[in-house]
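S.K.: My questions all concern the structure below.
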Amino acid sequence: AQSHVLWPEIDRITAEQLHYARQGVGEGVWELFAEDGEMRMYKREEEVNGLVVDPLKAVHTVKGVTGFEMCHYFFSPDYRLDWETTIEQMKVLEKVSDDTMIFLQIHKRVWPASQRDALFWSHLRQVPDSRDPDAQNIWIVCNHSTEHHSAPEKSNGKYIRVFLTVALVCQTMIEPPKNGAQITRDDLTCKITYCSVVNPGGWAPASVLRAVYKREYPKFLKKFTHYVYDQCKNKPIRF
Ligand SMILES: CCCCCc1ccc(-c2ccc(S(=O)(=O)CCO)cc2)cc1CCc1ccccn1
């Protein structure tokens, strides 16, 4: 992927999002708006040109899966329609490399707003932890809006294009069994940070957008994490 024209942007945005995900929710004005078991979901209320673009940050802890497994199921197109309930269609426009693809997604219409689509590159990467060099247990998927010749903005003008930056950062914690036995899924914990900023791209009532985010994001993260647990529970562990 290093040769692709997008590579410098992918490298920069992925590094930025990793740094942003690591910032605690203590700083700044994060408002807790949803809790469910170990999941905590925060938002900041922000508007750009009168459009709601509330940044979202969720933290969650899921036992029994690794960070790689969580990021793999988030990245791979093969499973997306199993857990993403807000999309009508999904297409891989370009496979840049094994760890980088360009997606076009048509999202379900949220009445009374117009229907949206999202065009973004998606990049999966294992990151060495700068603070703990031998920690090989952090994975990130970064999704960021992009252009693409086969999905021009004005192709049919049927959908308003959203602009998004999303990061899923997952860290595997292992509680080694006392008796030196082999690691099982009971010894695994995945610490998740999910960050997203979605600019709706065109006008949508602030009240509608905030209601959608409040309803959809907790549902999405809960459904996604349960889906990955169920997919992995009877399979060999993949780090
Ligand atoms: C009037 C509504 C305008 C915004 C509609 C919209 C469009 C796109 C997105 C969205 C959200 C998450 C991703 S992802 O994390 O990369 C996973 C891959 O799909 C990509 C796109 C969101 C939303 C807002 C509605 C909504 C909120 C949470 C979840 C789903 N939908």
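Identifiers in the structure tokens: chain A, B, ... in order shown; residue index from 1 per chain; ligand index from 1 in order shown.
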As a list in words, please: the residues near Gln231 of chain A (cut-off 10 Å, only C-alpha atoms, same-chain neighbours under 5 positions excluded).

M.R.: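 So, after excluding close chain neighbours, the residues are Val65, Glu69, Tyr73, Thr225 and His226 of chain A.
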
S.K.: Wanna dump the segment 29-124 of chain A-segment 183-193 of chain A contacts at 10 Å for me, each residue with its shortest atom pair and the distance in Å to one decimal, counting only C-alpha atoms, ordered by chain and number, as a tab-separated table?

M.R.:
```
residue	atom	partner	partner_atom	distance
A:Glu38	CA	A:Lys191	CA	10.0
A:Met39	CA	A:Ile192	CA	9.1
A:Arg40	CA	A:Thr193	CA	9.8
A:Met41	CA	A:Thr193	CA	9.7
A:Lys57	CA	A:Thr193	CA	7.1
A:Ala58	CA	A:Thr193	CA	5.6
A:Val59	CA	A:Thr193	CA	4.6
A:His60	CA	A:Ile192	CA	5.0
A:Thr61	CA	A:Lys191	CA	4.7
A:Val62	CA	A:Cys190	CA	5.1
A:Lys63	CA	A:Thr189	CA	4.3
A:Gly64	CA	A:Arg185	CA	4.5
A:Val65	CA	A:Cys190	CA	6.1
A:Thr66	CA	A:Cys190	CA	5.5
A:Gly67	CA	A:Cys190	CA	5.6
A:Phe68	CA	A:Cys190	CA	9.2
A:Glu69	CA	A:Cys190	CA	9.4
A:Met70	CA	A:Cys190	CA	8.1
A:Cys71	CA	A:Ile192	CA	9.7
```

S.K.: Counting only C-alpha atoms and all ligand atoms, which residue out of A:Val48, A:Ala211, A:Ala113, A:Ile237 sits closest to ligand 1?

M.R.: A:Ala113

S.K.: Give me, as a list in words, all polymer residues having an atom no more than 6 Å from segment 20-32 of chain A, counting only C-alpha atoms and skipping those fewer than 2 positions away in the same chain.

M.R.: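 Neighbouring residues, sequence-local ones excluded: Gln17, Leu18, Met41, Tyr42, Lys43 and Arg44 of chain A.
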
S.K.: Just to be explicit: take each residue in the selection above, keep N, CA and C atoms, and write the result as a compact mmCIF listing (two decimals), in the first residue's frame.

M.R.:
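Listed below is the output, again38.txt:
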```txt
# COMPACT_ATOMS: atom_id res chain seq x y z
N GLN A 17 -5.55 9.69 14.51
CA GLN A 17 -6.71 9.08 15.17
C GLN A 17 -6.27 8.20 16.34
N LEU A 18 -5.11 7.55 16.21
CA LEU A 18 -4.59 6.72 17.30
C LEU A 18 -4.30 7.61 18.51
N MET A 41 -20.42 5.83 26.50
CA MET A 41 -20.43 6.58 25.25
C MET A 41 -20.52 8.08 25.56
N TYR A 42 -19.58 8.83 24.96
CA TYR A 42 -19.50 10.27 25.22
C TYR A 42 -19.66 11.03 23.92
N LYS A 43 -20.11 12.26 24.03
CA LYS A 43 -20.18 13.12 22.84
C LYS A 43 -19.77 14.53 23.23
N ARG A 44 -19.41 15.32 22.20
CA ARG A 44 -19.26 16.77 22.37
C ARG A 44 -20.25 17.38 21.39
```

S.K.: Can you list, as a list in words, every protein, DNA or RNA residue that comes within 8 Å of Gln115 of chain A when you count only C-alpha atoms, leaving out same-chain residues fewer than 2 positions away?

M.R.: Ile106, His107, Lys108, Arg109, Val110, Ala113, Asp117, Lys158, Tyr159 and Ile160 of chain A

S.K.: Please, could you write that set of residues out with N, CA and C atoms as a short mmCIF file (atom, residue, chain, number, x, y, z; two decimals), in the first residue's frame?

M.R.:
```cif
data_model
loop_
_atom_site.label_atom_id
_atom_site.label_comp_id
_atom_site.auth_asym_id
_atom_site.auth_seq_id
_atom_site.Cartn_x
_atom_site.Cartn_y
_atom_site.Cartn_z
N ILE A 106 -24.34 3.04 1.13
CA ILE A 106 -25.56 3.83 1.08
C ILE A 106 -26.31 3.54 2.38
N HIS A 107 -26.53 4.59 3.17
CA HIS A 107 -27.18 4.41 4.47
C HIS A 107 -28.68 4.57 4.34
N LYS A 108 -29.37 3.90 5.26
CA LYS A 108 -30.84 3.98 5.25
C LYS A 108 -31.25 5.43 5.49
N ARG A 109 -32.35 5.80 4.88
CA ARG A 109 -32.82 7.17 5.04
C ARG A 109 -33.30 7.38 6.48
N VAL A 110 -32.98 8.54 7.03
CA VAL A 110 -33.47 8.90 8.37
C VAL A 110 -34.47 10.04 8.16
N ALA A 113 -34.86 13.72 7.01
CA ALA A 113 -33.65 14.14 6.26
C ALA A 113 -33.53 13.32 4.97
N ASP A 117 -25.00 8.86 1.60
CA ASP A 117 -24.03 7.80 1.30
C ASP A 117 -22.69 8.23 1.89
N LYS A 158 -28.38 11.67 -6.04
CA LYS A 158 -29.52 11.08 -5.34
C LYS A 158 -29.30 11.10 -3.83
N TYR A 159 -28.04 10.95 -3.43
CA TYR A 159 -27.75 10.89 -1.99
C TYR A 159 -26.85 12.05 -1.60
N ILE A 160 -27.05 12.53 -0.37
CA ILE A 160 -26.13 13.53 0.17
C ILE A 160 -24.94 12.76 0.74
#
```

S.K.: Nearest to Asn49 of chain A: which of A:Tyr217, A:Phe120, A:Trp111, A:Trp203 is it, counting only C-alpha atoms?

M.R.: A:Trp203

S.K.: Using only C-alpha atoms and all ligand atoms, which residues of the polymer chains come no farther than 6 Å from ligand 1? I'd like the answer as a PyMOL selection string.

M.R.: chain A and resi 86+107+110+113+116+143+166+200+204+209+212-213+216-217+220

S.K.: Just list the residues in segment 1-109 of chain A DSSP gives alpha helix (DSSP H) on the backbone, as an NGL selection string.

M.R.: :A and (7-22 or 67-75 or 77-83)

S.K.: Could you give me, as a PDB file with C-alpha atoms, in the first residue's frame, the residues within 8 Å of Pro55 of chain A, counting only C-alpha atoms and dropping anything in the same chain fewer than 6 positions from it?

M.R.:
```pdb
ATOM      1  CA  LYS A  43     -20.182  13.116  22.840  1.00  0.00           C
ATOM      2  CA  ARG A  44     -19.260  16.768  22.369  1.00  0.00           C
ATOM      3  CA  GLU A  45     -21.883  19.058  20.917  1.00  0.00           C
ATOM      4  CA  GLU A  46     -20.331  20.848  17.917  1.00  0.00           C
ATOM      5  CA  CYS A 195     -14.175   7.509  17.881  1.00  0.00           C
ATOM      6  CA  SER A 196     -16.320   8.995  15.154  1.00  0.00           C
ATOM      7  CA  VAL A 197     -17.058  12.380  13.623  1.00  0.00           C
ATOM      8  CA  VAL A 198     -19.771  12.350  10.968  1.00  0.00           C
TER       9      VAL A 198
END
```

S.K.: Where does DSSP see strand (DSSP E or B) in segment 13-92 of chain A, if you list the residues as a list of chain:residue names?

M.R.: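 Here is the list: A:Glu31, A:Leu32, A:Phe33, A:Ala34, A:Glu35, A:Asp36, A:Met39, A:Arg40, A:Met41, A:Tyr42, A:Lys43, A:Glu47, A:Val48, A:Leu51, A:Val52, A:Leu56, A:Lys57, A:Ala58, A:Val59, A:His60, A:Thr61, A:Val62, A:Lys63, A:Ile87, A:Glu88, A:Gln89, A:Met90, A:Lys91, A:Val92.
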
S.K.: Would you save the residues from that selection as a compact mmCIF listing (two decimals), in the first residue's frame, using N, CA and C atoms?

M.R.:
```txt
# COMPACT_ATOMS: atom_id res chain seq x y z
N GLU A 31 -19.36 14.68 27.18
CA GLU A 31 -20.60 14.48 27.94
C GLU A 31 -21.01 13.01 27.81
N LEU A 32 -21.10 12.32 28.95
CA LEU A 32 -21.53 10.90 28.94
C LEU A 32 -23.00 10.88 28.54
N PHE A 33 -23.35 10.14 27.45
CA PHE A 33 -24.76 10.12 27.06
C PHE A 33 -25.35 8.73 27.01
N ALA A 34 -24.50 7.71 27.15
CA ALA A 34 -25.07 6.34 27.15
C ALA A 34 -24.13 5.43 27.92
N GLU A 35 -24.73 4.53 28.68
CA GLU A 35 -23.97 3.52 29.43
C GLU A 35 -24.69 2.19 29.26
N ASP A 36 -23.92 1.12 29.08
CA ASP A 36 -24.55 -0.20 29.02
C ASP A 36 -23.49 -1.20 29.44
N MET A 39 -19.83 -0.50 28.59
CA MET A 39 -19.74 0.51 27.52
C MET A 39 -20.10 1.89 28.07
N ARG A 40 -19.23 2.86 27.75
CA ARG A 40 -19.51 4.25 28.09
C ARG A 40 -19.40 5.03 26.79
N MET A 41 -20.42 5.83 26.50
CA MET A 41 -20.43 6.58 25.25
C MET A 41 -20.52 8.08 25.56
N TYR A 42 -19.58 8.83 24.96
CA TYR A 42 -19.50 10.27 25.22
C TYR A 42 -19.66 11.03 23.92
N LYS A 43 -20.11 12.26 24.03
CA LYS A 43 -20.18 13.12 22.84
C LYS A 43 -19.77 14.53 23.23
N GLU A 47 -21.10 22.25 16.09
CA GLU A 47 -21.77 22.51 14.81
C GLU A 47 -20.77 23.17 13.88
N VAL A 48 -20.80 22.76 12.61
CA VAL A 48 -19.97 23.38 11.58
C VAL A 48 -20.93 23.94 10.54
N LEU A 51 -24.35 22.87 10.92
CA LEU A 51 -24.62 21.42 10.84
C LEU A 51 -24.08 20.74 12.09
N VAL A 52 -24.86 19.87 12.67
CA VAL A 52 -24.42 19.10 13.85
C VAL A 52 -23.32 18.12 13.41
N LEU A 56 -17.92 11.84 18.68
CA LEU A 56 -18.36 10.78 19.58
C LEU A 56 -17.14 9.96 20.00
N LYS A 57 -17.09 9.58 21.28
CA LYS A 57 -16.03 8.68 21.74
C LYS A 57 -16.66 7.65 22.68
N ALA A 58 -16.44 6.38 22.35
CA ALA A 58 -16.97 5.30 23.19
C ALA A 58 -15.82 4.45 23.70
N VAL A 59 -15.93 4.01 24.94
CA VAL A 59 -14.96 3.06 25.48
C VAL A 59 -15.74 1.83 25.95
N HIS A 60 -15.15 0.67 25.76
CA HIS A 60 -15.86 -0.57 26.06
C HIS A 60 -14.82 -1.65 26.40
N THR A 61 -15.22 -2.61 27.19
CA THR A 61 -14.35 -3.74 27.52
C THR A 61 -15.12 -5.02 27.22
N VAL A 62 -14.53 -5.87 26.38
CA VAL A 62 -15.21 -7.10 25.97
C VAL A 62 -14.30 -8.29 26.30
N LYS A 63 -14.82 -9.23 27.06
CA LYS A 63 -13.99 -10.40 27.42
C LYS A 63 -14.10 -11.47 26.33
N ILE A 87 -27.05 0.41 7.04
CA ILE A 87 -26.71 0.57 5.62
C ILE A 87 -27.62 -0.29 4.76
N GLU A 88 -27.95 0.26 3.58
CA GLU A 88 -28.78 -0.45 2.61
C GLU A 88 -27.89 -1.19 1.62
N GLN A 89 -26.80 -0.55 1.19
CA GLN A 89 -25.87 -1.17 0.24
C GLN A 89 -24.44 -0.86 0.66
N MET A 90 -23.53 -1.78 0.32
CA MET A 90 -22.12 -1.56 0.59
C MET A 90 -21.33 -2.13 -0.58
N LYS A 91 -20.36 -1.37 -1.07
CA LYS A 91 -19.57 -1.82 -2.23
C LYS A 91 -18.09 -1.49 -1.95
N VAL A 92 -17.21 -2.45 -2.28
CA VAL A 92 -15.78 -2.17 -2.22
C VAL A 92 -15.40 -1.63 -3.60
```

S.K.: What does the distance between atom CA of Pro236 of chain A and atom CA of Ile102 of chain A come to in Å, to one decimal place?

M.R.: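 That distance, rounded to one decimal, is 29.2 Å.
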
S.K.: Contacts of Arg210 of chain A at 9 Å or less, counting only C-alpha atoms, minus same-chain residues fewer than 5 places along, as a list in words?

M.R.: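 Listed by chain and then number, they are Val52, Asp54, Pro205 and Arg215 of chain A.
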
S.K.: For atom CA of Ile140 of chain A and atom CA of Asn234 of chain A, determine how far apart the two atoms are, in Å to one decimal place.

M.R.: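 Between atom CA of Ile140 of chain A and atom CA of Asn234 of chain A the gap works out to 23.8 Å.
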
S.K.: Just to confirm, what's the straight-line distance from atom CA of Gln171 of chain A to atom CA of Leu104 of chain A in Å (one decimal)?

M.R.: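 A separation of 27.9 Å between them.
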